[in-house]
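J.: Structure: upload09.cif, mmCIF, C-alpha atoms and all ligand atoms.
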data_start
#
loop_
_atom_site.label_atom_id
_atom_site.label_comp_id
_atom_site.auth_asym_id
_atom_site.auth_seq_id
_atom_site.Cartn_x
_atom_site.Cartn_y
_atom_site.Cartn_z
CA MET S 40 66.31 52.10 -28.88
CA PHE S 41 62.81 52.16 -30.47
CA LYS S 42 61.36 49.01 -32.01
CA VAL S 43 58.33 49.81 -34.13
CA GLU S 44 55.67 47.27 -35.14
CA VAL S 45 52.71 48.03 -37.38
CA LYS S 46 50.06 45.99 -35.59
CA SER S 47 47.31 46.40 -38.19
CA GLN S 48 47.27 44.26 -41.30
CA GLN S 49 46.95 45.97 -44.69
CA ASP S 50 43.16 45.55 -44.77
CA GLU S 51 42.73 46.80 -41.18
CA ASP S 52 42.74 50.33 -39.77
CA ILE S 53 46.06 51.72 -38.61
CA SER S 54 47.70 50.97 -35.28
CA ILE S 55 51.42 51.21 -34.59
CA LEU S 56 53.16 49.95 -31.44
CA ILE S 57 56.49 51.38 -30.29
CA LYS S 58 58.61 49.35 -27.87
CA VAL S 59 61.61 50.87 -26.12
CA ASP S 60 64.85 49.04 -25.23
CA ASN S 61 65.34 48.40 -21.51
CA HIS S 62 61.93 49.84 -20.70
CA SER S 63 58.99 47.82 -19.36
CA PHE S 64 56.26 49.75 -21.13
CA ASN S 65 55.26 50.35 -24.71
CA TYR S 66 53.50 53.10 -26.63
CA LEU S 67 50.62 52.97 -29.09
CA CYS S 68 49.99 55.32 -32.00
CA ASP S 69 46.34 55.29 -33.05
CA CYS S 70 43.70 52.75 -32.16
CA GLY S 71 42.60 51.31 -35.49
CA GLU S 72 41.48 47.70 -35.48
CA ALA S 73 44.60 45.55 -35.11
CA LYS S 74 44.21 41.84 -34.48
CA ASN S 75 47.96 41.46 -34.00
CA LEU S 76 47.90 43.65 -30.90
CA SER S 77 47.96 41.19 -27.98
CA VAL S 78 46.24 41.51 -24.62
CA LYS S 79 49.66 41.67 -22.92
CA GLU S 80 50.79 44.48 -25.25
CA CYS S 81 47.63 46.46 -24.41
CA GLN S 82 48.28 45.96 -20.69
CA ASN S 83 51.86 47.16 -21.04
CA ILE S 84 50.93 50.42 -22.76
CA ASN S 85 52.09 53.48 -20.87
CA ALA S 86 50.75 56.10 -23.29
CA ILE S 87 48.48 56.21 -26.34
CA PHE S 88 49.01 58.83 -29.04
CA ILE S 89 45.92 59.56 -31.13
CA SER S 90 46.34 61.55 -34.35
CA HIS S 91 42.63 62.34 -34.69
CA THR S 92 39.37 60.60 -33.92
CA HIS S 93 38.05 59.59 -37.34
CA ILE S 94 36.65 56.14 -36.70
CA ASP S 95 39.50 54.32 -38.48
CA HIS S 96 41.97 55.71 -35.89
CA PHE S 97 39.89 55.33 -32.74
CA VAL S 98 37.56 52.36 -33.24
CA ASN S 99 39.70 49.90 -31.23
CA PHE S 100 39.95 52.11 -28.14
CA ASP S 101 37.22 50.13 -26.36
CA THR S 102 39.07 46.82 -26.81
CA ILE S 103 42.27 48.38 -25.47
CA LEU S 104 40.34 49.84 -22.53
CA ARG S 105 38.84 46.38 -21.91
CA HIS S 106 42.33 44.86 -21.60
CA GLN S 107 43.73 47.73 -19.53
CA ILE S 108 41.07 47.79 -16.81
CA GLY S 109 42.73 46.42 -13.68
CA VAL S 110 46.34 47.41 -14.44
CA GLY S 111 46.15 49.65 -11.35
CA ARG S 112 48.24 52.51 -12.71
CA LYS S 113 48.01 55.68 -14.77
CA ILE S 114 47.94 55.55 -18.58
CA VAL S 115 48.36 58.74 -20.59
CA ILE S 116 46.28 59.44 -23.71
CA CYS S 117 47.40 62.28 -26.01
CA GLY S 118 45.33 63.66 -28.83
CA PRO S 119 43.75 66.65 -30.53
CA ARG S 120 41.27 69.19 -29.20
CA GLY S 121 38.12 67.36 -28.03
CA ILE S 122 39.88 64.12 -27.02
CA ILE S 123 39.09 64.54 -23.29
CA ASN S 124 35.32 64.57 -23.91
CA GLN S 125 35.56 61.86 -26.54
CA VAL S 126 37.45 59.41 -24.30
CA GLN S 127 35.14 60.24 -21.40
CA ASN S 128 32.04 59.65 -23.53
CA ARG S 129 33.34 56.33 -24.80
CA ILE S 130 34.08 55.12 -21.26
CA LYS S 131 30.83 56.44 -19.81
CA SER S 132 28.76 54.47 -22.30
CA TYR S 133 29.40 51.33 -20.20
CA CYS S 134 28.05 50.36 -16.76
CA TRP S 135 30.76 50.44 -14.09
CA ASN S 136 28.94 49.47 -10.89
CA LEU S 137 31.33 46.62 -10.04
CA ILE S 138 34.69 48.26 -10.79
CA GLU S 139 37.38 48.78 -8.12
CA LYS S 140 38.22 52.44 -7.46
CA ASP S 141 41.91 52.06 -8.27
CA ALA S 142 41.50 49.77 -11.30
CA ILE S 143 43.05 52.35 -13.64
CA THR S 144 43.53 56.11 -14.14
CA TYR S 145 43.60 57.83 -17.50
CA GLU S 146 45.38 61.16 -17.84
CA ILE S 147 44.31 62.77 -21.09
CA ARG S 148 46.43 65.46 -22.71
CA GLU S 149 44.57 67.53 -25.26
CA ILE S 150 46.59 69.53 -27.77
CA HIS S 151 45.09 72.96 -28.45
CA SER S 152 48.12 74.58 -30.07
CA THR S 153 51.88 74.07 -30.16
CA ASN S 154 52.17 75.75 -26.76
CA LYS S 155 48.84 74.97 -25.14
CA ILE S 156 48.06 71.52 -23.76
CA VAL S 157 45.15 70.89 -21.40
CA SER S 158 45.13 67.77 -19.25
CA ALA S 159 42.40 66.03 -17.26
CA THR S 160 42.21 62.85 -15.21
CA LEU S 161 39.44 60.23 -15.39
CA LYS S 162 38.99 57.58 -12.70
CA PRO S 163 36.40 54.87 -12.08
CA PRO S 164 33.61 54.51 -11.19
CA LEU S 165 32.29 57.98 -12.13
CA TRP S 166 34.93 58.95 -14.72
CA GLU S 167 34.42 62.67 -14.08
CA GLN S 168 37.02 65.13 -15.43
CA GLU S 169 39.32 65.91 -12.49
CA GLU S 170 42.52 67.89 -12.05
CA VAL S 171 41.84 69.83 -15.25
CA LYS S 172 44.84 72.04 -15.90
CA GLU S 173 46.93 73.63 -18.59
CA ILE S 174 50.40 72.14 -18.90
CA ASP S 175 53.27 74.27 -20.02
CA THR S 176 55.60 72.19 -22.18
CA ASN S 177 56.61 71.76 -25.78
CA HIS S 178 56.78 67.99 -25.21
CA ILE S 179 53.50 66.17 -25.08
CA PHE S 180 55.22 63.31 -23.25
CA GLU S 181 58.54 62.78 -21.51
CA GLU S 182 60.29 59.71 -20.10
CA LYS S 183 63.80 59.29 -18.69
CA ASP S 184 65.42 58.36 -22.02
CA PHE S 185 63.11 59.93 -24.60
CA ASN S 186 60.47 62.53 -25.23
CA VAL S 187 57.68 63.00 -27.73
CA LYS S 188 57.20 66.17 -29.74
CA PHE S 189 54.27 66.94 -31.99
CA GLU S 190 52.88 69.18 -34.70
CA ILE S 191 49.28 69.91 -35.67
CA LEU S 192 48.44 69.11 -39.29
CA ASN S 193 45.37 70.09 -41.29
CA HIS S 194 43.09 67.17 -42.26
CA LYS S 195 39.99 69.39 -42.29
CA THR S 196 40.28 68.69 -38.56
CA ASP S 197 43.41 68.75 -36.40
CA SER S 198 45.58 65.68 -37.03
CA ILE S 199 48.55 65.36 -34.70
CA CYS S 200 51.83 63.89 -35.93
CA TYR S 201 54.30 62.66 -33.31
CA LEU S 202 58.09 62.50 -33.12
CA PHE S 203 59.65 60.06 -30.63
CA GLU S 204 63.07 61.40 -29.83
CA GLU S 205 65.66 59.46 -27.83
CA LYS S 206 67.79 61.78 -25.72
CA ASP S 207 71.42 62.12 -26.81
CA LYS S 208 73.83 60.06 -24.74
CA THR S 209 77.15 61.37 -23.46
CA LYS S 210 79.79 58.63 -23.80
CA ILE S 211 83.34 58.43 -22.52
CA LYS S 212 86.34 56.61 -23.96
CA LEU S 213 89.11 56.39 -21.38
CA LYS S 214 92.54 57.24 -22.72
CA ASP S 215 96.07 56.45 -21.54
CA ASP S 216 96.22 55.49 -17.88
CA PHE S 217 92.82 56.83 -16.90
CA LYS S 218 90.81 54.36 -14.86
CA ALA S 219 87.04 54.54 -14.40
CA GLY S 220 85.73 55.94 -11.13
CA LYS S 221 83.03 58.23 -9.84
CA TRP S 222 84.76 61.10 -11.64
CA VAL S 223 83.40 59.77 -14.96
CA LYS S 224 79.85 60.74 -14.01
CA GLU S 225 81.08 64.13 -12.70
CA LEU S 226 82.86 64.75 -15.99
CA LYS S 227 79.82 63.76 -18.08
CA ASP S 228 77.60 66.06 -15.98
CA ALA S 229 80.12 68.90 -16.41
CA PHE S 230 80.07 68.35 -20.18
CA ASP S 231 76.26 68.17 -20.36
CA ASN S 232 75.90 71.37 -18.32
CA GLY S 233 78.67 73.31 -20.08
CA LYS S 234 80.85 73.55 -16.95
CA ASP S 235 84.34 73.95 -18.45
CA ASN S 236 86.31 74.82 -15.32
CA LEU S 237 85.03 72.30 -12.82
CA SER S 238 87.72 70.55 -10.74
CA ILE S 239 87.59 66.83 -11.37
CA ASN S 240 89.50 64.53 -9.06
CA VAL S 241 90.68 61.55 -11.08
CA ASN S 242 91.88 59.00 -8.55
CA GLY S 243 93.92 61.58 -6.60
CA GLN S 244 94.97 63.91 -9.41
CA VAL S 245 92.93 67.07 -10.05
CA TYR S 246 92.11 68.29 -13.59
CA LEU S 247 89.94 71.02 -15.05
CA SER S 248 86.90 69.44 -16.69
CA LYS S 249 87.63 71.08 -20.09
CA ASP S 250 91.04 69.37 -20.19
CA LEU S 251 89.29 65.99 -20.08
CA PHE S 252 86.52 66.75 -22.57
CA ASP S 253 88.50 65.14 -25.41
CA MET S 254 87.52 61.76 -23.96
CA ILE S 255 83.84 62.63 -24.33
CA SER S 256 81.65 62.01 -27.35
CA VAL S 257 77.92 62.43 -27.94
CA GLN S 258 75.85 59.60 -29.34
CA LYS S 259 72.88 61.09 -31.17
CA GLY S 260 69.50 59.73 -30.11
CA GLN S 261 67.27 57.85 -32.55
CA LYS S 262 64.23 59.67 -33.96
CA VAL S 263 61.03 57.95 -35.07
CA GLY S 264 58.07 59.75 -36.62
CA VAL S 265 54.42 58.82 -37.08
CA ILE S 266 52.61 61.05 -39.56
CA MET S 267 48.97 60.23 -40.09
CA ASP S 268 46.18 61.79 -42.17
CA HIS S 269 46.97 65.19 -43.64
CA ASN S 270 46.23 67.28 -46.67
CA ALA S 271 49.14 67.32 -49.14
CA ASP S 272 49.60 71.09 -49.01
CA PHE S 273 52.41 73.60 -48.49
CA ASP S 274 51.65 74.41 -44.84
CA ASN S 275 51.45 70.78 -43.72
CA HIS S 276 54.59 69.91 -45.68
CA LYS S 277 56.50 72.79 -44.12
CA LYS S 278 55.59 71.65 -40.61
CA ILE S 279 56.53 68.03 -41.40
CA LYS S 280 59.86 69.04 -42.96
CA THR S 281 60.74 71.04 -39.86
CA LEU S 282 59.76 68.50 -37.18
CA PHE S 283 60.96 65.33 -38.92
CA SER S 284 64.11 66.67 -40.60
CA GLU S 285 66.73 63.89 -40.93
CA CYS S 286 64.57 61.56 -38.85
CA ASP S 287 65.85 57.94 -38.72
CA LEU S 288 62.53 56.27 -39.40
CA ALA S 289 59.09 57.61 -40.30
CA TYR S 290 55.71 56.02 -40.96
CA ILE S 291 53.54 58.23 -43.15
CA GLU S 292 50.03 57.91 -44.51
CA ALA S 293 49.72 57.34 -48.25
CA PHE S 294 45.99 56.78 -48.37
CA TYR S 295 45.50 57.09 -52.14
CA LYS S 296 47.25 56.06 -55.35
CA ASP S 297 48.43 58.92 -57.54
CA GLU S 298 45.55 58.43 -59.99
CA ASP S 299 43.11 59.07 -57.10
CA MET S 300 44.71 62.40 -56.26
CA GLU S 301 41.36 64.17 -56.54
CA PHE S 302 39.91 61.95 -53.78
CA ALA S 303 42.97 62.84 -51.69
CA GLN S 304 42.29 66.56 -52.21
CA LYS S 305 38.57 66.17 -51.50
CA ASN S 306 39.25 64.24 -48.26
CA TYR S 307 42.25 66.29 -47.08
CA HIS S 308 44.51 63.24 -47.43
CA SER S 309 47.93 62.64 -48.92
CA TYR S 310 48.67 60.29 -51.84
CA ALA S 311 51.54 57.97 -52.73
CA SER S 312 54.04 60.17 -54.59
CA ALA S 313 53.29 63.28 -52.48
CA SER S 314 54.16 61.36 -49.31
CA GLY S 315 57.23 59.76 -50.92
CA LYS S 316 58.56 63.08 -52.24
CA LEU S 317 57.91 64.75 -48.89
CA MET S 318 59.91 62.06 -47.05
CA LYS S 319 62.79 62.54 -49.50
CA GLU S 320 62.75 66.32 -49.07
CA THR S 321 62.60 65.86 -45.28
CA LYS S 322 65.76 63.70 -45.57
CA VAL S 323 64.12 60.87 -43.64
CA LYS S 324 66.56 57.95 -43.59
CA LYS S 325 63.90 55.25 -43.82
CA ALA S 326 60.30 56.07 -44.72
CA ILE S 327 57.46 53.55 -44.72
CA PRO S 328 54.04 54.25 -46.29
CA VAL S 329 51.07 53.05 -44.23
CA HIS S 330 47.26 53.46 -43.96
CA PHE S 331 45.74 52.75 -47.36
CA SER S 332 42.15 53.21 -48.55
CA ARG S 333 40.03 50.10 -47.99
CA LYS S 334 38.80 50.23 -51.57
CA TYR S 335 42.18 48.98 -52.84
CA SER S 336 43.03 45.36 -53.61
CA ALA S 337 46.39 43.85 -52.60
CA ASP S 338 47.64 44.56 -56.16
CA ASP S 339 46.51 48.21 -55.93
CA ILE S 340 48.44 48.57 -52.69
CA LEU S 341 51.58 47.11 -54.30
CA GLU S 342 51.24 49.73 -57.06
CA LEU S 343 50.69 52.47 -54.49
CA ILE S 344 53.83 51.45 -52.59
CA THR S 345 55.81 51.48 -55.87
CA GLN S 346 54.59 55.04 -56.58
CA PHE S 347 55.68 56.04 -53.08
CA GLU S 348 59.12 54.38 -53.38
CA LYS S 349 59.77 55.98 -56.78
CA ALA S 350 59.13 59.47 -55.42
CA TYR S 351 61.12 58.76 -52.24
CA GLU S 352 64.18 57.43 -54.04
CA LYS S 353 64.25 59.76 -57.03
ZN ZN Z 401 41.20 60.88 -41.07
ZN ZN Z 402 42.61 57.69 -41.57
#
Starting from the file, lay out its structure as structure tokens.
Ligand SMILES: [Zn+2]
Ligand SMILES: [Zn+2]
T.:
Amino acid sequence: MFKVEVKSQQDEDISILIKVDNHSFNYLCDCGEAKNLSVKECQNINAIFISHTHIDHFVNFDTILRHQIGVGRKIVICGPRGIINQVQNRIKSYCWNLIEKDAITYEIREIHSTNKIVSATLKPPLWEQEEVKEIDTNHIFEEKDFNVKFEILNHKTDSICYLFEEKDKTKIKLKDDFKAGKWVKELKDAFDNGKDNLSINVNGQVYLSKDLFDMISVQKGQKVGVIMDHNADFDNHKKIKTLFSECDLAYIEAFYKDEDMEFAQKNYHSYASASGKLMKETKVKKAIPVHFSRKYSADDILELITQFEKAYEK
């Protein structure tokens, strides 16, 4: 379902692109510098998920904006408290006297708490905040086949981690002499909505829905997590363990080597073995460390990844 590509190289700031099977658009987590992100990929973005706006996570926004101008549709940007003003300020720092009115629309969703999201729309040429409203949802983003949940972590500022969750799929395996027909959809809908006693007409013969439920199975949706900068503390770990429990795939920051733990504490970051151990305790099926301090050489990063793997596999 989800195909994840880390678009930044090891010596660049973080940027992760998520593509979705049978879906024309893709999704970007953080806007660090990423030379591997193509113009076409920027144009096909449907939503951008920003963890926080430290420069290493937001510096490439202008380049992405540059490529997106002219797509003629709405693009959603999600992020922490303050993101509406920050995006608006970035855009307003350019001159827009020649832009077409319908070149692009940004809808920005600003996360204030787990149950308060404020959204605003920005449109050229004035880019004023319009349609400002509170949205009532526990999903920051929803599409037909998946939704995105979030949690707010402490990085001495809010840092949002995101969970992409494919919706479960109801499948049917026809038994005996049953032949497919429009009843299959009726039966799946009855199952999804807990309607046990619905009459289902199977090519002339009527059954109660519950008597056909043994042909139904549920295929669990894939879950992918992106967990950026956070302090390695009890509260953050508790939130991560809850949201990402048994997640199929997670990308997590491991900014420092274990021997630089005191820098991690000072800068409200995680470090290699803390992130590895956390992913193990969260029962993440595949965990990948990303986003390393720029002071490290390629050899340092290899060591860091080994420290992570050791703690994850132990
Ligand atoms: Zn940061
Ligand atoms: Zn960072």
J.: Report, in Å with one decimal, the straight-line distance from CA of Lys234 (chain S) to CA of Leu251 (chain S).
T.: 11.8 Å
J.: Measuring between all atoms listed in the file, which one of S:Leu56, S:Ile94, S:Ile143, S:Val257 shows the shortest distance to ligand ZN 402 (chain Z)?
T.: S:Ile94
J.: Give the centre and edge lengths of an axis-aligned box, in Å to one decimal, that holds all listed atoms of region 332-343 of chain S with 5 Å on each side, as JSON.
T.:
{"center_x": 45.2, "center_y": 48.5, "center_z": -52.5, "size_x": 22.8, "size_y": 19.4, "size_z": 19.1}
J.: My list of candidates is S:Ala219, S:Leu343, S:Leu282, S:Ile130. Which is closest to Ile199 (chain S) when distances are computed with only C-alpha atoms?
T.: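 Looking at the shortest contact to Ile199 (chain S), the residue is S:Leu282.
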J.: Env of Gln168 (chain S): 10 Å cut, atoms = all atoms listed in the file, seq-sep filter 5 positions within chain, self excluded. Answer as a list in words.
T.: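 Listed by chain and then number, they are Ile123, Asn124, Gln127, Glu146, Ile147, Ser158, Ala159, Thr160, Leu161 and Lys162 of chain S.
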J.: Since we have the selection now, will you write its residues out, keeping C-alpha atoms, as a short mmCIF file (atom, residue, chain, number, x, y, z; two decimals), keeping the file's coordinate frame?
T.:
data_model
loop_
_atom_site.label_atom_id
_atom_site.label_comp_id
_atom_site.auth_asym_id
_atom_site.auth_seq_id
_atom_site.Cartn_x
_atom_site.Cartn_y
_atom_site.Cartn_z
CA ILE S 123 39.09 64.54 -23.29
CA ASN S 124 35.32 64.57 -23.91
CA GLN S 127 35.14 60.24 -21.40
CA GLU S 146 45.38 61.16 -17.84
CA ILE S 147 44.31 62.77 -21.09
CA SER S 158 45.13 67.77 -19.25
CA ALA S 159 42.40 66.03 -17.26
CA THR S 160 42.21 62.85 -15.21
CA LEU S 161 39.44 60.23 -15.39
CA LYS S 162 38.99 57.58 -12.70
#
J.: Near Ser332 (chain S), within 9 Å and counting all atoms listed in the file, which residues show up once chain neighbours fewer than 5 positions away are dropped, as a list in words?
T.: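 Close residues of Ser332 (chain S): Asp50, Ala293, Phe294, Tyr295, Lys296 and Ile340 of chain S.
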J.: Between S:Lys353, S:His308, S:Lys325, S:Lys278, which has the minimum distance to ligand ZN 401 (chain Z) (counting only C-alpha atoms and all ligand atoms)?
T.: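 With only C-alpha atoms and all ligand atoms as the atom set, the closest residue is S:His308.
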J.: Let me make sure I understand: among S:Tyr246, S:Gln107, S:Lys183, S:Val98, which one has the smallest atom-to-atom distance to Ser77 (chain S) if we use only C-alpha atoms?
T.: S:Gln107
J.: Quick one: which chain S residues come within 7 Å of ligand ZN 401 (chain Z), and what is the nearest atom pair for each with the distance in Å to one decimal, counting all atoms listed in the file, rows ordered by chain and ascending number, as a tab-separated table?
T.:
residue	atom	partner	partner_atom	distance
S:His91	CA	Z:ZN401	ZN	6.7
S:His93	CA	Z:ZN401	ZN	5.0
S:His194	CA	Z:ZN401	ZN	6.7
S:Asp268	CA	Z:ZN401	ZN	5.2
J.: Which residue is closest to ligand ZN 402 (chain Z)? Choose from S:Tyr133, S:Phe189, S:Tyr307, S:Phe64 and count all atoms listed in the file.
T.: S:Tyr307
